[in-house]
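To start, the structure under review is shown below, and the notes come after it.
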Amino acid sequence: MLSRAVVIVSVLLAAVLAGHGLLPPLGGATTILESVLPWLGWLVPILLVVALISRSVPAIVAALVPGVVWAAMFGPTALASSPGGQADLRVGTVNVGVVNNSSGLAVKTVAANLDVLAAQELTPGGPAAKQLNAMFDREPATSSTVGLWSRFPIVSWKGIDPGLGWKRGLRAVLRTPKGEVTVYVVHLGSARPGHTEQRDRSLATLRKLIDADTSKRILVLGDLNTATTDRGLSGLTPPLLNAQTEAGDGFGFTWPSSFPVTRPDHILYRGMTAVSAGVAPAMGSDHRAAIAGLRI
């Protein structure tokens, strides 16, 4: 009986890993599943131990199947390392937390070594904005609860509505020594079980904005409320590349900060090359920051 249970669970686990993209939305449950998909790999050693206890060869073989599937899907990411090289643009994005008196400390620990930092859940005139204004000499671009600070001139910017009914996003143009870069800073709709419509609509809106933008270089920074393994992100990658996927060290989970299990915070781009990507602590925030180095 024990060996039979191992075989059944192993087959189901392998099927979910390999075929998660075929699952229906299930009221948003599939989104949550896909957000933590890499963590399903921890079930493999548990199944293997139970199979060994049962002393059943078929159960042991069955327990190895989802392990092989997981390794094929996530092994390259788990073992990846940054290619390295000189970066012309060091960027980051962090959700500082809408109710967070420590948001100034959060951005201070992140922004020190960056050329550009995007922030979400800002309070106008709050600790994060004050700290960043002190660290960056140039005038920032801000729209509602998102903002962009840059050591390079922001030559133009405007607030944008990422499909939420209000301008929780912005589009800015930076003038760097290597040429102009168009930057989108967005905080997309939340994705919770049974409530993904707003997030899905904002993903579609952002894709339309990118498709209509003829800029040679585009950078998207923000909390997209969409994990790297969530099918929703495939609507943006392509046409954009994901810095963590292209040049990151491991999975780059950013939320929750105390023990990150997923990555809703992203750095997407086109017209440039990612040479490094990773995660930085943002003391006081419930998110860690996503950071990357780009060559223009």
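Letters A, B, ... mark the chains of the structure tokens in the order given; residue numbers begin at 1 per chain; ligand numbers begin at 1, in order shown.
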Rows by chain and residue number, region 31-72 of chain A within 12 Å of region 220-228 of chain A, shortest pair, only C-alpha atoms, as JSON lines:
```
{"residue": "A:Thr31", "atom": "CA", "partner": "A:Thr226", "partner_atom": "CA", "distance": 8.4}
{"residue": "A:Ile32", "atom": "CA", "partner": "A:Ala227", "partner_atom": "CA", "distance": 9.0}
{"residue": "A:Leu33", "atom": "CA", "partner": "A:Ala227", "partner_atom": "CA", "distance": 10.2}
{"residue": "A:Glu34", "atom": "CA", "partner": "A:Ala227", "partner_atom": "CA", "distance": 7.5}
{"residue": "A:Ser35", "atom": "CA", "partner": "A:Ala227", "partner_atom": "CA", "distance": 5.1}
{"residue": "A:Val36", "atom": "CA", "partner": "A:Ala227", "partner_atom": "CA", "distance": 8.2}
{"residue": "A:Leu37", "atom": "CA", "partner": "A:Ala227", "partner_atom": "CA", "distance": 9.6}
{"residue": "A:Pro38", "atom": "CA", "partner": "A:Thr228", "partner_atom": "CA", "distance": 10.3}
```
The selected residues should be written to file as a PDB file, in the first residue's frame (atoms: all heavy atoms).
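Below is the file that was written, selection-v5.pdb:
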```pdb
ATOM      1  N   THR A  31      -2.263  30.025 -10.616  1.00  0.00           N
ATOM      2  CA  THR A  31      -1.286  31.104 -10.491  1.00  0.00           C
ATOM      3  C   THR A  31      -0.446  30.924  -9.239  1.00  0.00           C
ATOM      4  O   THR A  31       0.784  31.094  -9.265  1.00  0.00           O
ATOM      5  CB  THR A  31      -1.999  32.473 -10.452  1.00  0.00           C
ATOM      6  OG1 THR A  31      -2.583  32.730 -11.722  1.00  0.00           O
ATOM      7  CG2 THR A  31      -1.015  33.588 -10.116  1.00  0.00           C
ATOM      8  N   ILE A  32      -1.100  30.599  -8.132  1.00  0.00           N
ATOM      9  CA  ILE A  32      -0.368  30.380  -6.879  1.00  0.00           C
ATOM     10  C   ILE A  32       0.555  29.169  -7.005  1.00  0.00           C
ATOM     11  O   ILE A  32       1.714  29.203  -6.568  1.00  0.00           O
ATOM     12  CB  ILE A  32      -1.348  30.185  -5.712  1.00  0.00           C
ATOM     13  CG1 ILE A  32      -2.323  31.359  -5.628  1.00  0.00           C
ATOM     14  CG2 ILE A  32      -0.594  30.009  -4.409  1.00  0.00           C
ATOM     15  CD1 ILE A  32      -1.671  32.713  -5.504  1.00  0.00           C
ATOM     16  N   LEU A  33       0.053  28.091  -7.611  1.00  0.00           N
ATOM     17  CA  LEU A  33       0.872  26.899  -7.809  1.00  0.00           C
ATOM     18  C   LEU A  33       2.112  27.225  -8.629  1.00  0.00           C
ATOM     19  O   LEU A  33       3.231  26.842  -8.268  1.00  0.00           O
ATOM     20  CB  LEU A  33       0.044  25.817  -8.507  1.00  0.00           C
ATOM     21  CG  LEU A  33       0.821  24.578  -8.972  1.00  0.00           C
ATOM     22  CD1 LEU A  33       1.337  23.799  -7.775  1.00  0.00           C
ATOM     23  CD2 LEU A  33      -0.056  23.687  -9.858  1.00  0.00           C
ATOM     24  N   GLU A  34       1.929  27.937  -9.731  1.00  0.00           N
ATOM     25  CA  GLU A  34       3.059  28.255 -10.603  1.00  0.00           C
ATOM     26  C   GLU A  34       4.042  29.199  -9.922  1.00  0.00           C
ATOM     27  O   GLU A  34       5.238  29.184 -10.225  1.00  0.00           O
ATOM     28  CB  GLU A  34       2.556  28.845 -11.914  1.00  0.00           C
ATOM     29  CG  GLU A  34       1.832  27.826 -12.788  1.00  0.00           C
ATOM     30  CD  GLU A  34       1.398  28.385 -14.125  1.00  0.00           C
ATOM     31  OE1 GLU A  34       1.083  29.601 -14.190  1.00  0.00           O
ATOM     32  OE2 GLU A  34       1.361  27.624 -15.096  1.00  0.00           O
ATOM     33  N   SER A  35       3.558  30.005  -8.981  1.00  0.00           N
ATOM     34  CA  SER A  35       4.435  30.939  -8.283  1.00  0.00           C
ATOM     35  C   SER A  35       5.444  30.224  -7.398  1.00  0.00           C
ATOM     36  O   SER A  35       6.530  30.742  -7.132  1.00  0.00           O
ATOM     37  CB  SER A  35       3.603  31.910  -7.435  1.00  0.00           C
ATOM     38  OG  SER A  35       2.781  32.713  -8.255  1.00  0.00           O
ATOM     39  N   VAL A  36       5.072  29.057  -6.910  1.00  0.00           N
ATOM     40  CA  VAL A  36       5.975  28.303  -6.017  1.00  0.00           C
ATOM     41  C   VAL A  36       6.425  26.991  -6.655  1.00  0.00           C
ATOM     42  O   VAL A  36       6.888  26.076  -5.961  1.00  0.00           O
ATOM     43  CB  VAL A  36       5.295  28.034  -4.656  1.00  0.00           C
ATOM     44  CG1 VAL A  36       5.014  29.333  -3.931  1.00  0.00           C
ATOM     45  CG2 VAL A  36       4.015  27.219  -4.820  1.00  0.00           C
ATOM     46  N   LEU A  37       6.328  26.896  -7.957  1.00  0.00           N
ATOM     47  CA  LEU A  37       6.605  25.645  -8.667  1.00  0.00           C
ATOM     48  C   LEU A  37       7.971  25.037  -8.339  1.00  0.00           C
ATOM     49  O   LEU A  37       8.064  23.819  -8.124  1.00  0.00           O
ATOM     50  CB  LEU A  37       6.471  25.879 -10.169  1.00  0.00           C
ATOM     51  CG  LEU A  37       6.214  24.653 -11.052  1.00  0.00           C
ATOM     52  CD1 LEU A  37       4.885  23.999 -10.691  1.00  0.00           C
ATOM     53  CD2 LEU A  37       6.208  25.060 -12.526  1.00  0.00           C
ATOM     54  N   PRO A  38       9.049  25.819  -8.289  1.00  0.00           N
ATOM     55  CA  PRO A  38      10.349  25.192  -8.000  1.00  0.00           C
ATOM     56  C   PRO A  38      10.394  24.485  -6.653  1.00  0.00           C
ATOM     57  O   PRO A  38      11.155  23.528  -6.476  1.00  0.00           O
ATOM     58  CB  PRO A  38      11.325  26.378  -8.029  1.00  0.00           C
ATOM     59  CG  PRO A  38      10.647  27.412  -8.881  1.00  0.00           C
ATOM     60  CD  PRO A  38       9.188  27.259  -8.591  1.00  0.00           C
TER      61      PRO A  38
END
```
So which bits of region 105-217 of chain A end up strand (DSSP E) when you DSSP the backbone, as a VMD selection string? chain A and resid 116 to 120 141 to 143 146 to 150 154 to 159 169 to 176 179 to 187
Quick one: residues within 7 Å of region 276-281 of chain A, only C-alpha atoms counted, chain neighbours fewer than 5 positions away excluded, as an NGL selection string? :A and (82-84 or 110 or 243-244 or 247-249 or 252 or 254 or 288-293)
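Distances to Val91 (chain A) were evaluated for A:Gln131, A:Thr237, A:Ser150, A:Gln120 using only C-alpha atoms, and the minimum falls at A:Ser150.
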Taking 6 positions as the minimum chain separation for residues in the same chain, which residues sit within 12 Å of Ser215 (chain A) when counting only C-alpha atoms? Answer as number ranges by chain. A: 171-174, 179-184, 209, 269-272
If you count only C-alpha atoms, which residues fall within 10 Å of region 45-54 of chain A, apart from same-chain ones fewer than 4 positions away, as a VMD selection string? chain A and resid 1 to 7 9 to 10 41 58 to 64 66 to 67
Selection near Arg175 (chain A), 12 Å with only C-alpha atoms, sequence-local residues under 5 positions removed, as a compact mmCIF listing (two decimals) with N, CA, C and O atoms, in the first residue's frame:
```
# COMPACT_ATOMS: atom_id res chain seq x y z
N LEU A 89 24.99 50.33 -16.93
CA LEU A 89 23.81 50.78 -16.22
C LEU A 89 23.50 49.78 -15.10
O LEU A 89 23.21 48.62 -15.35
N ASP A 115 22.84 53.01 -10.34
CA ASP A 115 22.65 54.22 -11.14
C ASP A 115 21.18 54.60 -11.20
O ASP A 115 20.83 55.78 -11.33
N VAL A 116 20.32 53.60 -11.12
CA VAL A 116 18.87 53.81 -11.27
C VAL A 116 18.15 52.91 -10.26
O VAL A 116 18.47 51.73 -10.14
N SER A 150 17.45 58.50 -10.60
CA SER A 150 18.51 58.19 -11.54
C SER A 150 19.69 59.15 -11.37
O SER A 150 19.51 60.33 -11.10
N ARG A 151 20.90 58.61 -11.55
CA ARG A 151 22.10 59.45 -11.55
C ARG A 151 22.32 60.06 -12.93
O ARG A 151 23.14 60.96 -13.09
N PHE A 152 21.57 59.57 -13.91
CA PHE A 152 21.59 60.15 -15.25
C PHE A 152 20.36 61.05 -15.42
O PHE A 152 19.34 60.85 -14.76
N PRO A 153 20.43 62.02 -16.32
CA PRO A 153 19.28 62.93 -16.49
C PRO A 153 18.02 62.19 -16.95
O PRO A 153 18.08 61.33 -17.83
N ILE A 154 16.89 62.50 -16.33
CA ILE A 154 15.59 62.05 -16.80
C ILE A 154 15.06 63.16 -17.69
O ILE A 154 14.62 64.20 -17.21
N VAL A 155 15.14 62.95 -19.00
CA VAL A 155 14.85 64.05 -19.93
C VAL A 155 13.36 64.26 -20.13
O VAL A 155 12.92 65.35 -20.50
N SER A 156 12.56 63.22 -19.88
CA SER A 156 11.10 63.36 -19.96
C SER A 156 10.46 62.20 -19.22
O SER A 156 11.06 61.14 -19.07
N TRP A 157 9.22 62.43 -18.75
CA TRP A 157 8.49 61.34 -18.12
C TRP A 157 7.01 61.70 -18.05
O TRP A 157 6.63 62.87 -18.14
N GLU A 180 20.08 56.96 -25.07
CA GLU A 180 18.84 57.03 -24.29
C GLU A 180 18.28 55.64 -23.98
O GLU A 180 18.41 54.71 -24.78
N VAL A 181 17.66 55.56 -22.82
CA VAL A 181 17.00 54.33 -22.39
C VAL A 181 15.60 54.70 -21.90
O VAL A 181 15.45 55.58 -21.04
N THR A 182 14.58 54.05 -22.44
CA THR A 182 13.21 54.27 -21.98
C THR A 182 12.91 53.31 -20.84
O THR A 182 13.13 52.11 -20.96
N VAL A 183 12.42 53.87 -19.74
CA VAL A 183 12.19 53.08 -18.53
C VAL A 183 10.72 53.12 -18.14
O VAL A 183 10.12 54.20 -18.05
N ARG A 217 15.92 51.06 -26.81
CA ARG A 217 16.24 50.37 -25.55
C ARG A 217 15.09 50.59 -24.57
O ARG A 217 14.68 51.72 -24.32
N ILE A 296 25.00 48.62 -22.36
CA ILE A 296 24.24 49.32 -23.42
C ILE A 296 24.95 49.18 -24.75
O ILE A 296 26.16 49.36 -24.83
```
Counting only C-alpha atoms, which of A:Gly284, A:Gly92, A:Gly147, A:Pro193 gets nearest to Leu117 (chain A)? A:Gly92
Taking only C-alpha atoms into account, name the residue in A:Thr214, A:Thr109, A:Ser285, A:Thr93 that is nearest to Leu268 (chain A).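 Counting only C-alpha atoms, the residue closest to Leu268 (chain A) is A:Thr93.
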Mind giving me the straight-line distance from CA of Trp70 (chain A) to CA of Leu17 (chain A) in Å, one decimal? 7.0 Å
Just to confirm, what's the straight-line distance from CA of Val16 (chain A) to CA of Leu40 (chain A) in Å (one decimal)?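 Distance between the two atoms: 9.4 Å.
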Please determine, counting only C-alpha atoms, which residue among A:Ala112, A:Val261, A:Met135, A:Val68 has the shortest atom-to-atom distance to Ala14 (chain A).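 Between A:Ala112, A:Val261, A:Met135, A:Val68, the residue approaching Ala14 (chain A) most closely is A:Val68.
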Quick one: everything within 9 Å of Asp88 (chain A), counting only C-alpha atoms, minus sequence neighbours fewer than 3 positions away in the same chain. Send it as a compact mmCIF listing (two decimals) with N, CA, C and O atoms, in the first residue's frame.
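See around_8.txt below for the written result:
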```txt
# COMPACT_ATOMS: atom_id res chain seq x y z
N THR A 176 21.80 58.47 -20.96
CA THR A 176 23.03 57.92 -20.42
C THR A 176 24.19 58.25 -21.36
O THR A 176 23.96 58.65 -22.52
N PRO A 177 25.42 58.07 -20.92
CA PRO A 177 26.57 58.32 -21.81
C PRO A 177 26.57 57.44 -23.05
O PRO A 177 27.21 57.78 -24.06
N LYS A 178 25.86 56.31 -23.02
CA LYS A 178 25.81 55.39 -24.16
C LYS A 178 24.53 55.53 -24.98
O LYS A 178 24.32 54.76 -25.91
N GLY A 293 22.93 44.43 -13.67
CA GLY A 293 23.87 45.26 -14.41
C GLY A 293 23.67 45.03 -15.89
O GLY A 293 23.58 43.88 -16.35
N LEU A 294 23.55 46.12 -16.65
CA LEU A 294 23.26 46.04 -18.08
C LEU A 294 24.34 46.74 -18.88
O LEU A 294 24.87 47.79 -18.48
N ARG A 295 24.68 46.14 -20.02
CA ARG A 295 25.60 46.78 -20.95
C ARG A 295 24.80 47.36 -22.09
O ARG A 295 24.00 46.66 -22.72
N ILE A 296 25.00 48.62 -22.36
CA ILE A 296 24.24 49.32 -23.42
C ILE A 296 24.95 49.18 -24.75
O ILE A 296 26.16 49.36 -24.83
```
